[in-house]
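What follows is a set of notes on a single structure, which appears directly below.
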Amino acid sequence: MAAAAASAMLDSLPAPLLRSLRLKTKQQELLLRVSALALIYVLAFAVRLFSVLRYESMIHEFDPYFNYRTTLYLTEHGYAEFWNWFDSESWYPLGRVVGGTLFPGLMVTAALLHRLLRALSLAVHIREVCVLTAPFFAANTTLVAYAFGREIWDSGAGLVAAALIAVCPGYISRSVAGSYDNEGVAIFALLLTFYLFVRAVNTGSLAWALAAAFGYFYMVSAWGGYVFIINLLPLYVLVLLVTGRYSQRLYVAYNCTYVLGMLLGMQIRFVGFQHVQSGEHMAAMGVFFLLQVFFFLDWVKYMLDDVKLFKSFLRITLTCVISVGTLALGIGTASGYISPWTGRFYSLLDPTYAKDHIPIIASVSEHQPTAWSSFMFDFHILLFLFPAGLYFCFKRLSDATIFIVMYGLTSMYFAGVMVRLILVAAPAVCLISAIAVSATIKNLTTLIRTKSKSPQTTGKVTGSKAAAKGAVDQPLPFQHNAAIALLLGAFYLLSRYAIHCTWVTSEAYSSPSIVLSARGHNGGRVIFDDYREAYYWLRQNTPTDAKIMSWWDYGYQITAMGNRTVIVDNNTWNNTHIATVGRAMSSYEDEAYEIMQSLDVNYVLVVFGGVTGYSSDDINKFLWMVRIGGGVFPVIKEPDYLVNGEYRVDKGASPKMLNCLMYKLCYYRFGELTTEYGKPPGYDRVRGVEIGNKDIKLEYLEEAYTTSNWIVRIYKVKPPKNRS
Amino acid sequence: MPKAAADAKLLIQSLNKAYAATPTNLKIIDLYVLFAVVTALVQVVYMGIVGSFPFNSFLSGVLSCIGTAVLAVCLRIQVNKDNKEFKDLPPERAFADFVLCNLVLHLVIMNFLG
């Protein structure tokens, strides 16, 4: 962060080292800039390595395990097999068309990096490449942020933007080492596409627009969030048209990017024909046609010399175009050819939609609205630098600053609706804050460097307009000292930001969530590796064609590490299948046995945190199983499991709750266990109560394995009796 | 509405007069754009007659016509000597960009054709 100020203070800085190298000012500046960027690059990579250093180099969470498994398949079987892969190991008995239902960008990128390293004779395992892909692309994002900042404002702002985004917690949360998920690569692609598009609009060159189309293609291949790009670009063009900034550079840039980008995007099987059929993509097409109309009108105006004639022509054309456009849109929507906005994106416009209609979307904790504390946690000082940056952008409006303002405002709105989308807002917030920081520090350092008597450089220089005005302000008293104090204050704030970010990364965002750790009585760290213990038990002790039933959260991990077939997994593409599993978990044991027989289930896996105090276990998720199951099978009613609207597991719980399959499987033999000193046996440390049904007998299942801390429990489904 | 008819006639006449003054190279590009758009329209009419299966072939056909028309219009903008914004862009560079974008366009179309 000091580099921006340093480059501004270069002349007055006594730098014997640089002078002794006998470099000219321009070369000094170049050296400082390049070294600052190199340090930022290394910083962005290094700050994300906490979990690799603390635990080991492993994949975190749930979704990355699917990505890892598909990447493994890609490296082992080649690209053609991967593209046409039908996976019969998940969603038994339906299977899943993997080749057509994933975004291949991440896997192909990791596989290419792996092949490149292999070609350089560095024999690394694909898992290491997968773990470190996200930090590598985060480091590349800082370079793109530098280029983008330089395009919007100047190179000082670019450097600050790179530094801010290198450590921004909003971005780090989804791109730590081990978090092998689409967002790690997608944010790089997003910022790259935006940078290339803004450059194309600024230069009007077809080559840059082509590059932007390729950036968009990479984004489409990497993440479903590409819908944001395909809606922001037309919105931006519309704003430019409305504010009278139509230019032929804009025409060239948008048209080339849209047509080529749309074509390239349709090459991804998962996206398919959505660019011409889905309501979410219609804005881009509408603006495409609107731009043609604008160009045509512009051309006719240029050809005709008579203003009145042109005005009448304008009136006729506009009425024709608007009526044809609305007619086409109306027919398309009414006939159902243009599909309406899907639930995932509609819930962004109407946040209450998911809770009533799609409980699976509502149940994910990342999809909840954002609290102010999350904003502060993830952005720190950027939160108040953002409005300051907006002020500076409005003072110097150009095509590029209008773009970044729009990107910032729209992404902040969506970040307020859904916690997960703070990630998309992070680059915009960093860029706009960088403008504020850079402009302020430039002003302050200019103030410090002025001699008090000279009339040309007195007064706050707020951009080139002030210099052109020629007004001379009298120097305020203590101006020099005040400027130094403010500068020191700015540096203090930036250093606090850096400290906050590294603390947040270390404490909150570096947990692998498949390995848990806690502090023991004597302060030493206790590691719970129960998940992997259970999955490896499954891998080594069950027949290879065994089918495992569990809640959908663990599906990817079971297939990746346990190498067994699962009934449902995190893809959640079939709501009825998940509801069937939910119904089985919430029914009495005999009804559940019938359902398990129909699904050919051999083993059931549940997660239980009562012994360790681990609160994301299946009993806490149970009500969602009931809701999702009840959404499809009305025989499951949520009030049956509650007592006076309250969710209880102790003696006062409802009888259905005390005898359902999930309760029995979680608390089997738990009534004999003493978990805490001074509490009765069967004390559940998460719910904080003594359980109600201690004497559990299982008729159709038998306990197969319980991990050392009772976190994962596996039960074998008994075959039907010979005599009924 | 005689006034509207007279207006329209005057409009068309003045447009014709102004268009006759454009340089020949731009007229060639305009002819190419017209050809591409007409081809696209022919394909849409054909699709209306025989149905849209396979949809990817139809889309690739139409989009190749629209795409090359749009790129030709971009070339026209960049080559037009009256455009002040593109004053210092050499026409060779504009044409090279045009060829490159067309190459990418047609490669993607060949992949999409099925």
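Chain labels run A, B, ... following the order of the structure tokens; each chain numbers its residues from 1, and ligands are numbered from 1 in the order shown.
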
Interface list for chain A, partner chain B, 7 Å threshold, only C-alpha atoms, as a ChimeraX atom specification: /A:206-207,210,252,255-256,259-260,264,267,303-304,309

10 Å contact set for Ala157 of chain A, only C-alpha atoms, chain neighbours under 2 positions out, as a PyMOL selection string: chain A and resi 4+145-155+159-163+431-439+442

Since we have the selection now, will you write its residues out, keeping N, CA, C and O atoms, as a short mmCIF file (atom, residue, chain, number, x, y, z; two decimals), in the first residue's frame?
data_model
loop_
_atom_site.label_atom_id
_atom_site.label_comp_id
_atom_site.auth_asym_id
_atom_site.auth_seq_id
_atom_site.Cartn_x
_atom_site.Cartn_y
_atom_site.Cartn_z
N ALA A 4 1.98 3.13 -3.55
CA ALA A 4 1.24 4.18 -4.26
C ALA A 4 1.73 5.54 -3.80
O ALA A 4 2.00 6.44 -4.60
N ALA A 145 -6.50 -7.05 -11.46
CA ALA A 145 -7.02 -5.89 -10.74
C ALA A 145 -6.12 -4.68 -10.97
O ALA A 145 -6.60 -3.55 -11.13
N TYR A 146 -4.80 -4.92 -11.01
CA TYR A 146 -3.88 -3.82 -11.30
C TYR A 146 -4.16 -3.22 -12.67
O TYR A 146 -4.28 -2.00 -12.84
N ALA A 147 -4.29 -4.10 -13.67
CA ALA A 147 -4.53 -3.62 -15.03
C ALA A 147 -5.87 -2.88 -15.11
O ALA A 147 -5.97 -1.82 -15.76
N PHE A 148 -6.88 -3.40 -14.44
CA PHE A 148 -8.20 -2.79 -14.46
C PHE A 148 -8.16 -1.42 -13.78
O PHE A 148 -8.71 -0.44 -14.28
N GLY A 149 -7.49 -1.35 -12.61
CA GLY A 149 -7.40 -0.08 -11.92
C GLY A 149 -6.68 0.97 -12.77
O GLY A 149 -7.06 2.14 -12.80
N ARG A 150 -5.64 0.50 -13.49
CA ARG A 150 -4.91 1.42 -14.35
C ARG A 150 -5.79 1.91 -15.48
O ARG A 150 -5.70 3.07 -15.91
N GLU A 151 -6.69 1.03 -15.97
CA GLU A 151 -7.58 1.41 -17.06
C GLU A 151 -8.60 2.44 -16.59
O GLU A 151 -8.94 3.38 -17.30
N ILE A 152 -9.12 2.23 -15.36
CA ILE A 152 -10.18 3.11 -14.88
C ILE A 152 -9.61 4.46 -14.42
O ILE A 152 -10.19 5.50 -14.71
N TRP A 153 -8.51 4.42 -13.68
CA TRP A 153 -8.06 5.64 -13.01
C TRP A 153 -6.62 5.93 -13.37
O TRP A 153 -6.35 6.72 -14.26
N ASP A 154 -5.67 5.33 -12.66
CA ASP A 154 -4.26 5.44 -13.06
C ASP A 154 -3.49 4.31 -12.38
O ASP A 154 -4.07 3.53 -11.65
N SER A 155 -2.20 4.23 -12.62
CA SER A 155 -1.48 3.05 -12.15
C SER A 155 -1.38 3.01 -10.62
O SER A 155 -1.26 1.94 -10.03
N LEU A 159 -2.28 -0.28 -8.39
CA LEU A 159 -1.46 -0.94 -7.37
C LEU A 159 -2.24 -1.12 -6.08
O LEU A 159 -2.21 -2.19 -5.45
N VAL A 160 -2.95 -0.07 -5.66
CA VAL A 160 -3.72 -0.19 -4.41
C VAL A 160 -4.80 -1.24 -4.56
O VAL A 160 -5.04 -2.03 -3.65
N ALA A 161 -5.44 -1.28 -5.73
CA ALA A 161 -6.49 -2.28 -5.95
C ALA A 161 -5.92 -3.68 -5.85
O ALA A 161 -6.52 -4.57 -5.23
N ALA A 162 -4.74 -3.88 -6.47
CA ALA A 162 -4.13 -5.21 -6.40
C ALA A 162 -3.83 -5.58 -4.95
O ALA A 162 -4.08 -6.71 -4.52
N ALA A 163 -3.30 -4.62 -4.19
CA ALA A 163 -2.96 -4.91 -2.80
C ALA A 163 -4.21 -5.21 -1.98
O ALA A 163 -4.24 -6.13 -1.17
N LEU A 431 -11.78 -2.25 -6.01
CA LEU A 431 -11.38 -1.29 -7.04
C LEU A 431 -11.84 0.11 -6.68
O LEU A 431 -11.07 1.08 -6.79
N ILE A 432 -13.10 0.24 -6.26
CA ILE A 432 -13.62 1.57 -5.96
C ILE A 432 -12.91 2.16 -4.74
O ILE A 432 -12.55 3.35 -4.71
N SER A 433 -12.67 1.33 -3.73
CA SER A 433 -11.93 1.81 -2.56
C SER A 433 -10.53 2.21 -2.94
O SER A 433 -9.98 3.19 -2.41
N ALA A 434 -9.94 1.47 -3.89
CA ALA A 434 -8.58 1.81 -4.32
C ALA A 434 -8.56 3.20 -4.95
O ALA A 434 -7.60 3.96 -4.76
N ILE A 435 -9.62 3.54 -5.70
CA ILE A 435 -9.69 4.88 -6.28
C ILE A 435 -9.70 5.92 -5.18
O ILE A 435 -8.99 6.94 -5.25
N ALA A 436 -10.51 5.66 -4.15
CA ALA A 436 -10.58 6.62 -3.05
C ALA A 436 -9.22 6.77 -2.38
O ALA A 436 -8.75 7.89 -2.14
N VAL A 437 -8.59 5.63 -2.07
CA VAL A 437 -7.31 5.68 -1.38
C VAL A 437 -6.27 6.40 -2.23
O VAL A 437 -5.55 7.30 -1.76
N SER A 438 -6.20 6.01 -3.50
CA SER A 438 -5.18 6.57 -4.36
C SER A 438 -5.38 8.06 -4.56
O SER A 438 -4.42 8.85 -4.46
N ALA A 439 -6.62 8.48 -4.80
CA ALA A 439 -6.86 9.91 -5.02
C ALA A 439 -6.56 10.71 -3.77
O ALA A 439 -5.94 11.78 -3.83
N LYS A 442 -2.83 10.84 -3.13
CA LYS A 442 -2.20 11.74 -4.11
C LYS A 442 -2.40 13.19 -3.72
O LYS A 442 -1.47 14.00 -3.75
#

Gap from atom CA of Gly178 of chain A to atom CA of Leu132 of chain A - Å, one decimal: 6.6 Å

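Between atom CA of Val108 of chain A and atom CA of Ile59 of chain A the separation is 17.3 Å.
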
Filtered DSSP result for segment 423-561 of chain A, state strand (DSSP E or B), as a list in words: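 These are the residues in question: Leu516, Ser517, Ala518, Arg519, Arg525, Val526, Ile527, Phe528, Lys547, Ile548 and Met549 of chain A.
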
Written selection (C-alpha atoms) as a JSON list (two decimals), in the first residue's frame:
[["chain", "number", "residue", "atom", "x", "y", "z"],
["A", 516, "LEU", "CA", -12.29, -30.40, 13.11],
["A", 517, "SER", "CA", -10.11, -29.08, 15.83],
["A", 518, "ALA", "CA", -10.73, -27.81, 19.30],
["A", 519, "ARG", "CA", -8.69, -26.78, 22.30],
["A", 525, "ARG", "CA", -5.06, -28.69, 20.07],
["A", 526, "VAL", "CA", -7.28, -31.76, 19.66],
["A", 527, "ILE", "CA", -7.92, -32.90, 16.10],
["A", 528, "PHE", "CA", -11.11, -34.76, 15.16],
["A", 547, "LYS", "CA", -25.16, -48.44, -1.56],
["A", 548, "ILE", "CA", -24.95, -45.84, 1.16],
["A", 549, "MET", "CA", -27.88, -43.72, 2.29]]

DSSP helix (DSSP H, G or I) residues within segment 198-432 of chain A, listed as a ChimeraX atom specification: /A:198-203,206-222,226-242,248-265,274-277,279-303,307-334,343-349,353-357,359-363,365-367,372-379,382-395,399-417,419-432

Distance query Lys718 of chain A at most 10 Å, only C-alpha atoms, self and fewer than 4 positions along chain excluded, as a PyMOL selection string: chain A and resi 593+597+601-603+699-702

Restricted to N, CA, C and O atoms, what would the selected residues look like written as a PDB file, in the first residue's frame?
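Writing the result to part-v3.pdb gives the following:
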ATOM      1  N   TYR A 593     -37.686 -48.989   6.733  1.00  0.00           N
ATOM      2  CA  TYR A 593     -37.087 -50.207   6.184  1.00  0.00           C
ATOM      3  C   TYR A 593     -37.666 -50.512   4.813  1.00  0.00           C
ATOM      4  O   TYR A 593     -36.930 -50.909   3.901  1.00  0.00           O
ATOM      5  N   GLN A 597     -35.510 -50.762   1.464  1.00  0.00           N
ATOM      6  CA  GLN A 597     -35.512 -51.936   0.587  1.00  0.00           C
ATOM      7  C   GLN A 597     -35.762 -51.527  -0.852  1.00  0.00           C
ATOM      8  O   GLN A 597     -35.151 -52.063  -1.775  1.00  0.00           O
ATOM      9  N   VAL A 601     -30.759 -50.033  -0.316  1.00  0.00           N
ATOM     10  CA  VAL A 601     -29.750 -49.453   0.573  1.00  0.00           C
ATOM     11  C   VAL A 601     -29.080 -50.558   1.377  1.00  0.00           C
ATOM     12  O   VAL A 601     -29.741 -51.456   1.883  1.00  0.00           O
ATOM     13  N   ASN A 602     -27.745 -50.500   1.489  1.00  0.00           N
ATOM     14  CA  ASN A 602     -27.014 -51.467   2.312  1.00  0.00           C
ATOM     15  C   ASN A 602     -26.531 -50.873   3.618  1.00  0.00           C
ATOM     16  O   ASN A 602     -26.443 -51.567   4.619  1.00  0.00           O
ATOM     17  N   TYR A 603     -26.162 -49.580   3.589  1.00  0.00           N
ATOM     18  CA  TYR A 603     -25.625 -48.941   4.783  1.00  0.00           C
ATOM     19  C   TYR A 603     -26.257 -47.572   4.925  1.00  0.00           C
ATOM     20  O   TYR A 603     -26.581 -46.908   3.950  1.00  0.00           O
ATOM     21  N   GLU A 699     -34.428 -52.921  15.084  1.00  0.00           N
ATOM     22  CA  GLU A 699     -34.922 -54.212  14.628  1.00  0.00           C
ATOM     23  C   GLU A 699     -34.386 -54.561  13.238  1.00  0.00           C
ATOM     24  O   GLU A 699     -34.058 -55.694  12.962  1.00  0.00           O
ATOM     25  N   TYR A 700     -34.302 -53.556  12.362  1.00  0.00           N
ATOM     26  CA  TYR A 700     -33.964 -53.852  10.970  1.00  0.00           C
ATOM     27  C   TYR A 700     -32.550 -53.429  10.606  1.00  0.00           C
ATOM     28  O   TYR A 700     -32.097 -53.672   9.511  1.00  0.00           O
ATOM     29  N   LEU A 701     -31.885 -52.723  11.511  1.00  0.00           N
ATOM     30  CA  LEU A 701     -30.518 -52.309  11.217  1.00  0.00           C
ATOM     31  C   LEU A 701     -29.618 -52.774  12.344  1.00  0.00           C
ATOM     32  O   LEU A 701     -30.070 -53.041  13.444  1.00  0.00           O
ATOM     33  N   GLU A 702     -28.352 -52.856  12.072  1.00  0.00           N
ATOM     34  CA  GLU A 702     -27.412 -53.128  13.147  1.00  0.00           C
ATOM     35  C   GLU A 702     -26.228 -52.180  12.989  1.00  0.00           C
ATOM     36  O   GLU A 702     -25.895 -51.753  11.899  1.00  0.00           O
TER      37      GLU A 702
END

Between atom CA of Thr333 of chain A and atom CA of Ile49 of chain B - distance in Å to one decimal: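 Atom-to-atom, atom CA of Ile49 of chain B to atom CA of Thr333 of chain A, that is 22.4 Å.
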